[in-house]
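One structure is given below, encoded as structure tokens.
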Amino acid sequence: MVKIERKKKILVVDDEIYVRKIFKYNLEKVGYLVTAAEDSYEAEEKIVDGEHFDLIICDLMMPVRSGMEFIKVLREKYKMDEQRIILVSARGMERDILEAKLYNIDDYQMKPFSVVEFLEKVEEILKKEL
């Protein structure tokens with residue numbers, strides 16, 4: 001019997017439209033299904049509506065509610081302890097990185113970064129067993 005592997009679903013959360021488009025283009029080019037949200041409230045709505053994502057890529061600095069606050073909501077309110085998350089930011093402050101690690105993120109990527117290396121990191125994270 002041939003095993004057909006389903007495509008992995010990724011949610012990209014970023015307030016900058018061009019960043020969402022770049023992520024979407026590059027991730028879809030290598031075979032992922034990508035959904036984009038312009039803020040963490042839109043992303044939360046998708047999750048509440050029952051959508052499942054294999055990975056969430058979230059910007060740290062967004063207006064209204066930051067990526068860190070969104071991750072806290074996922075972990076504490078929705079008990080999504082196993083949800084794979086990459087946090088991206090132009091800020092590399094040590095306290096941000098340490099706080100993110102408290103919420104069990106899979107990776108913290110500093111902008112700008114190599115697209116090739118980023119895609120390799122995504123693949124590595126998605127191959128890990130939960």
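The way I read the labels, and the way they are meant: chains A, B, ... in the order of the structure tokens, residue 1 as the first residue of every chain, and ligand 1 as the first ligand shown, with later ones counted on from there.
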| Polymer residues at most 12 Å from Val12 of chain A, only C-alpha atoms, same-chain spacing of 6 or more positions, as a PyMOL selection string | chain A and resi 18-28+32-40+42-44+46+53-60+67+85-88
| task | Any chance you could list, as a ChimeraX atom specification, the residues in segment 48-95 of chain A that come up alpha helix (DSSP H) when DSSP is run on the backbone? | result | /A:48,67-72,94-95
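Shortest atom-to-atom contact with Leu126 of chain A among A:Arg65, A:Arg84, A:Lys77, A:Lys101: A:Arg84, counting only C-alpha atoms.
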| task | Based on DSSP run over this structure's backbone, return all residues of chain A in strand (DSSP E), as a ChimeraX atom specification. | result | /A:9-13,33-37,55-59,85-89,107-110
| note | Using only C-alpha atoms, the residue out of A:Lys127, A:Arg75, A:Lys8, A:Arg91 with shortest distance to Met110 of chain A is A:Arg91
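For the residues A:Asp15, A:Asp107, A:Glu117, A:Glu99, ranking by smallest atom-to-atom distance to Lys72 of chain A using only C-alpha atoms places A:Glu99 first.
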